[in-house]
Amino acid sequence: MTLHIHTPLIESRPLSLAAGRNIWLKLDALQPCGSFKLRGVGHACEVHKARGAQHFVSSSGGNAGLAVAYAGRKLGVPVTVVVPETTTERARQLLCLEDAKVVVHGSSWQEANTLAQTLVGPNDAFIHPFDDPLLWAGHASLVDEVAEAGLKPDAVVLSVGGGGLLSGVVEGLRRNGWDDVPVLAVETTGAASLHAAMQAGHSVELERLASVATSLGAKRVADQALACTQQHPVRSHLVSDRAALEACERFLLDHRVLVEPACGAALALAYDPSRLGSFQNVLVVVCGGATATLEQIQAWLQQAD
Ligand SMILES: *Cc1c(COP(=O)(O)O)cnc(C)c1O
């Protein structure tokens with residue numbers, strides 16, 4: 001038994017018609033805590049528990065923290081999540097629903113993370129949101145499930161924040177012998193840390209983040225994510241916040257699932273036939289996200305340019 005579930009893989013009629021080709025959806029928005037994060041985080045938490053960890057610590061007020069909180073509750077291990085003051089009331093509530101201890105500290109993620117590090121005792125495990133081989137191994141299960149279902153896509157579309165999902169999906173493609181299946185890696189223009197690293201040829205730190213897709217907000221990607229782009233065919237794509245938000249609204253109408261703008265970024269590419277080259281069978285990782293509300297998405301759309 002794993003903590004994550006095997007999610008549905010469906011052929012989307014609305015997206016296929018919009019994109020003029022077959023669009024397949026891996027619906028990780030349906031993971032119990034609302035995002036793909038549970039795959040890697042659940043695996044990491046199980047390994048740390050087996051090694052004797054008695055307490056999990058996270059500094060993510062987003063889906064990674066939620067996944068740690070869920071995993072800890074299921075494994076009977078207490079969880080502390082340190083979040084900055086900017087974390088929304090909704091995100092705090094979701095963490096409390098999973099019985100995590102929420103500590104609010106500092107005005108930025110850096111400050112919250114610094115405090116979180118001091119709380120990690122010798123018998124505790126700190127669970128990173130994207131930069132850990134245990135996470136990538138867990139995320140790779142998404143590709144195993146697609147292979148088990150008998151579908152070999154000719155491209156995979158996914159969103160990139162710190163690059164944990166990208167690293168895991170590339171690991172999954174390679175362990176299934178799919179070295180020839182390219183990844184279309186999507187970021188919003190205000191959170192394009194992978195794009196910047198690929199252009200520079202080395203990892204770079206963005207000066208600032210400026211996107212409503214907060215779950216993509218890593219100023220610097222994991223070194224492994226950049227290494228993936230050098231070892232596997234990965235194409236970087238950028239979409240606007242507006243396109244990501246419109247994709248969220250459209251996907252809600254088409255599939256009755258509400259996702260965060262972070263996921264809307266990948267969906268925006270999938271809805272746009274001009275961005276998909278000549279690929280005929282495209283797999284889209286519907287990574288999900290639990291922190292968005294419809295009201296918030298509509299309010300952002302009012303302001304987006
Ligand atoms: C974390 C997250 C991402 C980005 O994943 P990385 O591993 O940081 O690249 C994308 N979408 C959602 C909903 C997320 O929670």
# chains A, B, ... in the order shown; residues from 1 in each chain; ligands from 1
>>> residues_around(residues="Gly289 in chain A", least_positions_apart="2", cutoff="8 Å", atoms="only C-alpha atoms", output="JSON, numbers by chain")
{"A": [29, 34, 35, 63, 259, 260, 262, 263, 287, 291, 292]}
>>> write_last_selection(atoms="N, CA, C and O atoms", output="PDB file, in the first residue's frame")
ATOM      1  N   ALA A  29      -4.818  15.664  -9.757  1.00  0.00           N
ATOM      2  CA  ALA A  29      -5.617  16.562  -8.919  1.00  0.00           C
ATOM      3  C   ALA A  29      -6.511  15.749  -7.969  1.00  0.00           C
ATOM      4  O   ALA A  29      -6.980  16.278  -6.964  1.00  0.00           O
ATOM      5  N   GLY A  34      -4.930  16.533  -2.935  1.00  0.00           N
ATOM      6  CA  GLY A  34      -5.193  17.494  -4.001  1.00  0.00           C
ATOM      7  C   GLY A  34      -4.095  17.730  -5.018  1.00  0.00           C
ATOM      8  O   GLY A  34      -4.286  18.508  -5.943  1.00  0.00           O
ATOM      9  N   SER A  35      -2.937  17.088  -4.860  1.00  0.00           N
ATOM     10  CA  SER A  35      -1.896  17.282  -5.873  1.00  0.00           C
ATOM     11  C   SER A  35      -0.995  16.054  -5.971  1.00  0.00           C
ATOM     12  O   SER A  35      -0.990  15.195  -5.081  1.00  0.00           O
ATOM     13  N   ASN A  63       1.174  22.926  -1.415  1.00  0.00           N
ATOM     14  CA  ASN A  63       0.792  21.527  -1.570  1.00  0.00           C
ATOM     15  C   ASN A  63       1.814  20.547  -0.998  1.00  0.00           C
ATOM     16  O   ASN A  63       1.451  19.436  -0.615  1.00  0.00           O
ATOM     17  N   VAL A 259      -8.404  23.407 -10.401  1.00  0.00           N
ATOM     18  CA  VAL A 259      -6.963  23.283 -10.151  1.00  0.00           C
ATOM     19  C   VAL A 259      -6.367  24.668  -9.931  1.00  0.00           C
ATOM     20  O   VAL A 259      -6.970  25.680 -10.262  1.00  0.00           O
ATOM     21  N   GLU A 260      -5.153  24.687  -9.386  1.00  0.00           N
ATOM     22  CA  GLU A 260      -4.434  25.954  -9.183  1.00  0.00           C
ATOM     23  C   GLU A 260      -3.876  26.479 -10.519  1.00  0.00           C
ATOM     24  O   GLU A 260      -3.628  25.695 -11.441  1.00  0.00           O
ATOM     25  N   ALA A 262      -0.937  27.057 -11.090  1.00  0.00           N
ATOM     26  CA  ALA A 262       0.288  26.284 -11.343  1.00  0.00           C
ATOM     27  C   ALA A 262       0.005  25.141 -12.314  1.00  0.00           C
ATOM     28  O   ALA A 262       0.824  24.822 -13.187  1.00  0.00           O
ATOM     29  N   CYS A 263      -1.151  24.532 -12.166  1.00  0.00           N
ATOM     30  CA  CYS A 263      -1.569  23.435 -13.046  1.00  0.00           C
ATOM     31  C   CYS A 263      -2.174  24.000 -14.323  1.00  0.00           C
ATOM     32  O   CYS A 263      -1.992  23.441 -15.421  1.00  0.00           O
ATOM     33  N   CYS A 287      -1.507  18.247 -12.461  1.00  0.00           N
ATOM     34  CA  CYS A 287      -0.842  18.155 -11.157  1.00  0.00           C
ATOM     35  C   CYS A 287      -1.731  18.640 -10.013  1.00  0.00           C
ATOM     36  O   CYS A 287      -1.489  18.318  -8.862  1.00  0.00           O
ATOM     37  N   THR A 291      -4.932  24.739  -3.033  1.00  0.00           N
ATOM     38  CA  THR A 291      -5.042  26.025  -2.329  1.00  0.00           C
ATOM     39  C   THR A 291      -5.872  27.072  -3.071  1.00  0.00           C
ATOM     40  O   THR A 291      -6.157  28.126  -2.522  1.00  0.00           O
ATOM     41  N   ALA A 292      -6.255  26.815  -4.299  1.00  0.00           N
ATOM     42  CA  ALA A 292      -7.019  27.823  -5.057  1.00  0.00           C
ATOM     43  C   ALA A 292      -8.512  27.729  -4.748  1.00  0.00           C
ATOM     44  O   ALA A 292      -9.028  26.669  -4.419  1.00  0.00           O
TER      45      ALA A 292
END
>>> residues_around(residues="Pro129 in chain A", least_positions_apart="3", cutoff="12 Å", atoms="only C-alpha atoms", output="PDB file with N, CA, C and O atoms, in the first residue's frame")
ATOM      1  N   PHE A  36      -0.207  16.027  -7.050  1.00  0.00           N
ATOM      2  CA  PHE A  36       0.766  14.945  -7.290  1.00  0.00           C
ATOM      3  C   PHE A  36       1.799  14.855  -6.175  1.00  0.00           C
ATOM      4  O   PHE A  36       2.479  13.833  -6.046  1.00  0.00           O
ATOM      5  N   LYS A  37       1.965  15.920  -5.367  1.00  0.00           N
ATOM      6  CA  LYS A  37       3.045  15.971  -4.369  1.00  0.00           C
ATOM      7  C   LYS A  37       3.053  14.743  -3.464  1.00  0.00           C
ATOM      8  O   LYS A  37       4.089  14.329  -2.970  1.00  0.00           O
ATOM      9  N   LEU A  38       1.855  14.185  -3.249  1.00  0.00           N
ATOM     10  CA  LEU A  38       1.772  13.040  -2.334  1.00  0.00           C
ATOM     11  C   LEU A  38       2.600  11.857  -2.827  1.00  0.00           C
ATOM     12  O   LEU A  38       3.060  11.044  -2.018  1.00  0.00           O
ATOM     13  N   ARG A  39       2.789  11.744  -4.137  1.00  0.00           N
ATOM     14  CA  ARG A  39       3.583  10.610  -4.640  1.00  0.00           C
ATOM     15  C   ARG A  39       4.986  10.629  -4.030  1.00  0.00           C
ATOM     16  O   ARG A  39       5.429   9.670  -3.407  1.00  0.00           O
ATOM     17  N   GLY A  40       5.697  11.733  -4.211  1.00  0.00           N
ATOM     18  CA  GLY A  40       7.069  11.818  -3.734  1.00  0.00           C
ATOM     19  C   GLY A  40       7.149  12.019  -2.236  1.00  0.00           C
ATOM     20  O   GLY A  40       7.959  11.376  -1.552  1.00  0.00           O
ATOM     21  N   VAL A  41       6.305  12.908  -1.727  1.00  0.00           N
ATOM     22  CA  VAL A  41       6.339  13.202  -0.286  1.00  0.00           C
ATOM     23  C   VAL A  41       5.934  11.952   0.505  1.00  0.00           C
ATOM     24  O   VAL A  41       6.551  11.635   1.528  1.00  0.00           O
ATOM     25  N   GLY A  42       4.918  11.249   0.022  1.00  0.00           N
ATOM     26  CA  GLY A  42       4.481  10.026   0.711  1.00  0.00           C
ATOM     27  C   GLY A  42       5.605   9.003   0.761  1.00  0.00           C
ATOM     28  O   GLY A  42       5.872   8.386   1.799  1.00  0.00           O
ATOM     29  N   ALA A  44       8.864   9.613   0.509  1.00  0.00           N
ATOM     30  CA  ALA A  44       9.932  10.108   1.396  1.00  0.00           C
ATOM     31  C   ALA A  44       9.546   9.893   2.859  1.00  0.00           C
ATOM     32  O   ALA A  44      10.371   9.443   3.671  1.00  0.00           O
ATOM     33  N   VAL A  57       9.067  17.673   9.555  1.00  0.00           N
ATOM     34  CA  VAL A  57       9.051  19.135   9.518  1.00  0.00           C
ATOM     35  C   VAL A  57       9.030  19.589   8.058  1.00  0.00           C
ATOM     36  O   VAL A  57       9.739  19.032   7.209  1.00  0.00           O
ATOM     37  N   SER A  58       8.183  20.583   7.779  1.00  0.00           N
ATOM     38  CA  SER A  58       8.099  21.154   6.437  1.00  0.00           C
ATOM     39  C   SER A  58       8.024  22.671   6.553  1.00  0.00           C
ATOM     40  O   SER A  58       7.581  23.195   7.574  1.00  0.00           O
ATOM     41  N   SER A  59       8.447  23.370   5.518  1.00  0.00           N
ATOM     42  CA  SER A  59       8.312  24.828   5.522  1.00  0.00           C
ATOM     43  C   SER A  59       7.477  25.288   4.336  1.00  0.00           C
ATOM     44  O   SER A  59       7.613  26.415   3.885  1.00  0.00           O
ATOM     45  N   SER A  60       6.596  24.424   3.870  1.00  0.00           N
ATOM     46  CA  SER A  60       5.762  24.767   2.719  1.00  0.00           C
ATOM     47  C   SER A  60       4.334  25.039   3.145  1.00  0.00           C
ATOM     48  O   SER A  60       3.689  24.176   3.746  1.00  0.00           O
ATOM     49  N   GLY A  61       3.836  26.220   2.844  1.00  0.00           N
ATOM     50  CA  GLY A  61       2.433  26.525   3.092  1.00  0.00           C
ATOM     51  C   GLY A  61       1.558  26.096   1.937  1.00  0.00           C
ATOM     52  O   GLY A  61       0.363  26.375   1.910  1.00  0.00           O
ATOM     53  N   GLY A  62       2.136  25.409   0.976  1.00  0.00           N
ATOM     54  CA  GLY A  62       1.399  24.974  -0.202  1.00  0.00           C
ATOM     55  C   GLY A  62       1.181  23.469  -0.219  1.00  0.00           C
ATOM     56  O   GLY A  62       1.074  22.828   0.827  1.00  0.00           O
ATOM     57  N   ASN A  63       1.174  22.926  -1.415  1.00  0.00           N
ATOM     58  CA  ASN A  63       0.792  21.527  -1.570  1.00  0.00           C
ATOM     59  C   ASN A  63       1.814  20.547  -0.998  1.00  0.00           C
ATOM     60  O   ASN A  63       1.451  19.436  -0.615  1.00  0.00           O
ATOM     61  N   ALA A  64       3.084  20.949  -0.930  1.00  0.00           N
ATOM     62  CA  ALA A  64       4.082  20.055  -0.335  1.00  0.00           C
ATOM     63  C   ALA A  64       3.810  19.911   1.165  1.00  0.00           C
ATOM     64  O   ALA A  64       3.822  18.794   1.703  1.00  0.00           O
ATOM     65  N   GLY A  65       3.533  21.041   1.841  1.00  0.00           N
ATOM     66  CA  GLY A  65       3.209  20.980   3.263  1.00  0.00           C
ATOM     67  C   GLY A  65       1.955  20.152   3.515  1.00  0.00           C
ATOM     68  O   GLY A  65       1.888  19.367   4.468  1.00  0.00           O
ATOM     69  N   LEU A  66       0.958  20.324   2.648  1.00  0.00           N
ATOM     70  CA  LEU A  66      -0.274  19.546   2.789  1.00  0.00           C
ATOM     71  C   LEU A  66       0.002  18.055   2.637  1.00  0.00           C
ATOM     72  O   LEU A  66      -0.569  17.239   3.364  1.00  0.00           O
ATOM     73  N   ALA A  67       0.873  17.718   1.707  1.00  0.00           N
ATOM     74  CA  ALA A  67       1.187  16.306   1.492  1.00  0.00           C
ATOM     75  C   ALA A  67       1.930  15.734   2.703  1.00  0.00           C
ATOM     76  O   ALA A  67       1.674  14.597   3.121  1.00  0.00           O
ATOM     77  N   VAL A  68       2.833  16.520   3.285  1.00  0.00           N
ATOM     78  CA  VAL A  68       3.543  16.045   4.488  1.00  0.00           C
ATOM     79  C   VAL A  68       2.531  15.852   5.620  1.00  0.00           C
ATOM     80  O   VAL A  68       2.570  14.843   6.340  1.00  0.00           O
ATOM     81  N   VAL A  81       4.518  22.307  10.424  1.00  0.00           N
ATOM     82  CA  VAL A  81       4.724  23.070   9.192  1.00  0.00           C
ATOM     83  C   VAL A  81       4.912  24.527   9.580  1.00  0.00           C
ATOM     84  O   VAL A  81       4.049  25.127  10.224  1.00  0.00           O
ATOM     85  N   ASN A 113      11.541  29.105   6.571  1.00  0.00           N
ATOM     86  CA  ASN A 113      12.392  27.938   6.361  1.00  0.00           C
ATOM     87  C   ASN A 113      13.558  27.916   7.347  1.00  0.00           C
ATOM     88  O   ASN A 113      13.939  26.850   7.853  1.00  0.00           O
ATOM     89  N   PHE A 126      13.313  16.422   7.840  1.00  0.00           N
ATOM     90  CA  PHE A 126      12.849  17.596   7.107  1.00  0.00           C
ATOM     91  C   PHE A 126      12.485  17.135   5.698  1.00  0.00           C
ATOM     92  O   PHE A 126      13.281  16.463   5.036  1.00  0.00           O
ATOM     93  N   ASP A 132      14.980  16.443  -3.652  1.00  0.00           N
ATOM     94  CA  ASP A 132      15.334  15.252  -2.882  1.00  0.00           C
ATOM     95  C   ASP A 132      15.100  14.015  -3.763  1.00  0.00           C
ATOM     96  O   ASP A 132      13.995  13.840  -4.291  1.00  0.00           O
ATOM     97  N   PRO A 133      16.113  13.159  -3.926  1.00  0.00           N
ATOM     98  CA  PRO A 133      15.952  11.953  -4.763  1.00  0.00           C
ATOM     99  C   PRO A 133      14.781  11.068  -4.329  1.00  0.00           C
ATOM    100  O   PRO A 133      14.184  10.388  -5.172  1.00  0.00           O
ATOM    101  N   LEU A 134      14.451  11.054  -3.041  1.00  0.00           N
ATOM    102  CA  LEU A 134      13.306  10.253  -2.593  1.00  0.00           C
ATOM    103  C   LEU A 134      12.014  10.769  -3.223  1.00  0.00           C
ATOM    104  O   LEU A 134      11.119   9.989  -3.570  1.00  0.00           O
ATOM    105  N   LEU A 135      11.908  12.087  -3.357  1.00  0.00           N
ATOM    106  CA  LEU A 135      10.716  12.672  -3.982  1.00  0.00           C
ATOM    107  C   LEU A 135      10.622  12.255  -5.441  1.00  0.00           C
ATOM    108  O   LEU A 135       9.566  11.858  -5.926  1.00  0.00           O
ATOM    109  N   TRP A 136      11.744  12.351  -6.146  1.00  0.00           N
ATOM    110  CA  TRP A 136      11.716  12.055  -7.589  1.00  0.00           C
ATOM    111  C   TRP A 136      11.332  10.598  -7.813  1.00  0.00           C
ATOM    112  O   TRP A 136      10.544  10.307  -8.708  1.00  0.00           O
ATOM    113  N   HIS A 139       7.610  10.458  -7.383  1.00  0.00           N
ATOM    114  CA  HIS A 139       6.883  11.099  -8.495  1.00  0.00           C
ATOM    115  C   HIS A 139       6.916  10.216  -9.751  1.00  0.00           C
ATOM    116  O   HIS A 139       5.988  10.240 -10.567  1.00  0.00           O
ATOM    117  N   GLY A 161       7.987  24.018 -11.134  1.00  0.00           N
ATOM    118  CA  GLY A 161       8.253  25.002 -10.091  1.00  0.00           C
ATOM    119  C   GLY A 161       9.725  24.887  -9.734  1.00  0.00           C
ATOM    120  O   GLY A 161      10.594  25.462 -10.380  1.00  0.00           O
ATOM    121  N   GLY A 162      10.033  24.069  -8.713  1.00  0.00           N
ATOM    122  CA  GLY A 162      11.424  23.791  -8.377  1.00  0.00           C
ATOM    123  C   GLY A 162      11.999  22.644  -9.193  1.00  0.00           C
ATOM    124  O   GLY A 162      13.189  22.347  -9.097  1.00  0.00           O
ATOM    125  N   GLY A 163      11.146  21.974  -9.956  1.00  0.00           N
ATOM    126  CA  GLY A 163      11.625  20.921 -10.847  1.00  0.00           C
ATOM    127  C   GLY A 163      11.585  19.520 -10.273  1.00  0.00           C
ATOM    128  O   GLY A 163      12.154  18.595 -10.867  1.00  0.00           O
ATOM    129  N   GLY A 164      10.905  19.329  -9.157  1.00  0.00           N
ATOM    130  CA  GLY A 164      10.777  17.982  -8.594  1.00  0.00           C
ATOM    131  C   GLY A 164       9.911  17.082  -9.468  1.00  0.00           C
ATOM    132  O   GLY A 164      10.252  15.919  -9.713  1.00  0.00           O
ATOM    133  N   LEU A 165       8.806  17.630  -9.947  1.00  0.00           N
ATOM    134  CA  LEU A 165       7.921  16.848 -10.819  1.00  0.00           C
ATOM    135  C   LEU A 165       8.644  16.489 -12.114  1.00  0.00           C
ATOM    136  O   LEU A 165       8.602  15.345 -12.565  1.00  0.00           O
ATOM    137  N   SER A 215       2.521  28.080  -6.582  1.00  0.00           N
ATOM    138  CA  SER A 215       3.141  26.753  -6.447  1.00  0.00           C
ATOM    139  C   SER A 215       4.285  26.545  -7.436  1.00  0.00           C
ATOM    140  O   SER A 215       5.006  25.554  -7.341  1.00  0.00           O
ATOM    141  N   LEU A 216       4.452  27.463  -8.371  1.00  0.00           N
ATOM    142  CA  LEU A 216       5.617  27.395  -9.281  1.00  0.00           C
ATOM    143  C   LEU A 216       6.721  28.332  -8.806  1.00  0.00           C
ATOM    144  O   LEU A 216       7.742  28.496  -9.472  1.00  0.00           O
ATOM    145  N   GLY A 217       6.518  28.955  -7.626  1.00  0.00           N
ATOM    146  CA  GLY A 217       7.403  30.018  -7.186  1.00  0.00           C
ATOM    147  C   GLY A 217       8.675  29.555  -6.520  1.00  0.00           C
ATOM    148  O   GLY A 217       8.871  29.770  -5.329  1.00  0.00           O
ATOM    149  N   ALA A 218       9.565  28.934  -7.266  1.00  0.00           N
ATOM    150  CA  ALA A 218      10.909  28.636  -6.756  1.00  0.00           C
ATOM    151  C   ALA A 218      11.883  29.541  -7.494  1.00  0.00           C
ATOM    152  O   ALA A 218      11.914  29.545  -8.717  1.00  0.00           O
ATOM    153  N   VAL A 221      15.781  26.426  -9.523  1.00  0.00           N
ATOM    154  CA  VAL A 221      15.370  25.027  -9.640  1.00  0.00           C
ATOM    155  C   VAL A 221      16.432  24.106  -9.039  1.00  0.00           C
ATOM    156  O   VAL A 221      17.590  24.489  -8.892  1.00  0.00           O
ATOM    157  N   ALA A 222      16.031  22.903  -8.723  1.00  0.00           N
ATOM    158  CA  ALA A 222      16.972  21.884  -8.256  1.00  0.00           C
ATOM    159  C   ALA A 222      17.997  21.610  -9.357  1.00  0.00           C
ATOM    160  O   ALA A 222      17.645  21.620 -10.540  1.00  0.00           O
TER     161      ALA A 222
END
>>> residues_around(residues="range 8-22 of chain A", least_positions_apart="4", cutoff="6 Å", atoms="only C-alpha atoms", output="list in words")
Lys26, Leu27, Tyr271, Asp272, Pro273, Gln280 and Asn281 of chain A
>>> write_last_selection(atoms="N, CA and C atoms", output="mmCIF file, in the first residue's frame")
data_model
loop_
_atom_site.group_PDB
_atom_site.id
_atom_site.type_symbol
_atom_site.label_atom_id
_atom_site.label_comp_id
_atom_site.auth_asym_id
_atom_site.auth_seq_id
_atom_site.Cartn_x
_atom_site.Cartn_y
_atom_site.Cartn_z
ATOM 1 N N LYS A 26 -3.586 12.688 -16.953
ATOM 2 C CA LYS A 26 -3.291 11.906 -15.750
ATOM 3 C C LYS A 26 -3.770 12.781 -14.594
ATOM 4 N N LEU A 27 -4.872 12.344 -13.975
ATOM 5 C CA LEU A 27 -5.618 13.237 -13.082
ATOM 6 C C LEU A 27 -5.108 13.206 -11.641
ATOM 7 N N TYR A 271 -4.310 23.273 -24.320
ATOM 8 C CA TYR A 271 -5.478 23.803 -25.037
ATOM 9 C C TYR A 271 -5.076 24.500 -26.335
ATOM 10 N N ASP A 272 -3.765 24.753 -26.511
ATOM 11 C CA ASP A 272 -3.313 25.610 -27.613
ATOM 12 C C ASP A 272 -2.623 24.786 -28.703
ATOM 13 N N PRO A 273 -3.319 24.523 -29.823
ATOM 14 C CA PRO A 273 -2.730 23.655 -30.852
ATOM 15 C C PRO A 273 -1.414 24.189 -31.401
ATOM 16 N N GLN A 280 0.995 13.751 -31.668
ATOM 17 C CA GLN A 280 -0.386 13.305 -31.894
ATOM 18 C C GLN A 280 -1.036 12.726 -30.648
ATOM 19 N N ASN A 281 -0.229 12.177 -29.738
ATOM 20 C CA ASN A 281 -0.774 11.606 -28.496
ATOM 21 C C ASN A 281 -0.048 12.249 -27.322
#
>>> residues_around(residues="Glu145 in chain A", least_positions_apart="4", cutoff="8 Å", atoms="only C-alpha atoms", output="PyMOL selection string")
chain A and resi 6+141+149
>>> residues_around(residues="Ala244 in chain A", least_positions_apart="4", cutoff="12 Å", atoms="only C-alpha atoms", output="count of residues only")
38
>>> closest_residue(among="A:Lys152, A:Arg208, A:His128, A:His237", to="ligand 1", atoms="only C-alpha atoms and all ligand atoms")
A:His128
>>> closest_residue(among="A:Glu85, A:Glu111, A:Glu171, A:Glu207", to="Gln224 in chain A", atoms="only C-alpha atoms")
A:Glu171
>>> select_by_dssp(residues="range 114-291 of chain A", states="alpha helix (DSSP H)", output="JSON, numbers by chain")
{"A": [114, 115, 116, 117, 118, 133, 134, 135, 136, 137, 138, 139, 141, 142, 143, 144, 145, 146, 147, 148, 164, 165, 166, 167, 168, 169, 170, 171, 172, 173, 174, 175, 193, 194, 195, 196, 197, 198, 199, 200, 223, 224, 225, 226, 227, 228, 229, 230, 231, 241, 242, 243, 244, 245, 246, 247, 248, 249, 250, 251, 252, 253, 254, 255, 261, 262, 263, 264, 265, 266, 267, 268, 269, 270, 271]}
>>> closest_residue(among="A:Val257, A:Leu115, A:Ile127, A:Ala185", to="ligand 1", atoms="only C-alpha atoms and all ligand atoms")
A:Ala185
>>> closest_residue(among="A:Phe56, A:Trp109, A:Phe130, A:Trp178", to="ligand 1", atoms="only C-alpha atoms and all ligand atoms")
A:Phe130
>>> closest_residue(among="A:Val47, A:Ala200, A:Leu252, A:Cys33", to="ligand 1", atoms="only C-alpha atoms and all ligand atoms")
A:Cys33
>>> closest_residue(among="A:Leu276, A:Ala155, A:Leu30, A:Ala243", to="ligand 1", atoms="only C-alpha atoms and all ligand atoms")
A:Leu30
>>> atom_distance(atom1="CA of Arg73 in chain A", atom2="CA of Gly168 in chain A")
24.2 Å
>>> decode(residues="range 38-55 of chain A", atoms="C-alpha atoms", output="compact mmCIF listing (two decimals), in the first residue's frame")
# COMPACT_ATOMS: atom_id res chain seq x y z
CA LEU A 38 1.77 13.04 -2.33
CA ARG A 39 3.58 10.61 -4.64
CA GLY A 40 7.07 11.82 -3.73
CA VAL A 41 6.34 13.20 -0.29
CA GLY A 42 4.48 10.03 0.71
CA HIS A 43 7.41 7.90 -0.43
CA ALA A 44 9.93 10.11 1.40
CA CYS A 45 7.87 10.04 4.61
CA GLU A 46 7.55 6.25 4.49
CA VAL A 47 11.30 5.85 4.04
CA HIS A 48 12.06 8.30 6.87
CA LYS A 49 9.59 6.55 9.18
CA ALA A 50 11.20 3.18 8.42
CA ARG A 51 14.55 4.76 9.35
CA GLY A 52 13.10 5.81 12.71
CA ALA A 53 11.92 9.40 12.18
CA GLN A 54 9.49 10.46 14.91
CA HIS A 55 8.51 13.89 13.60
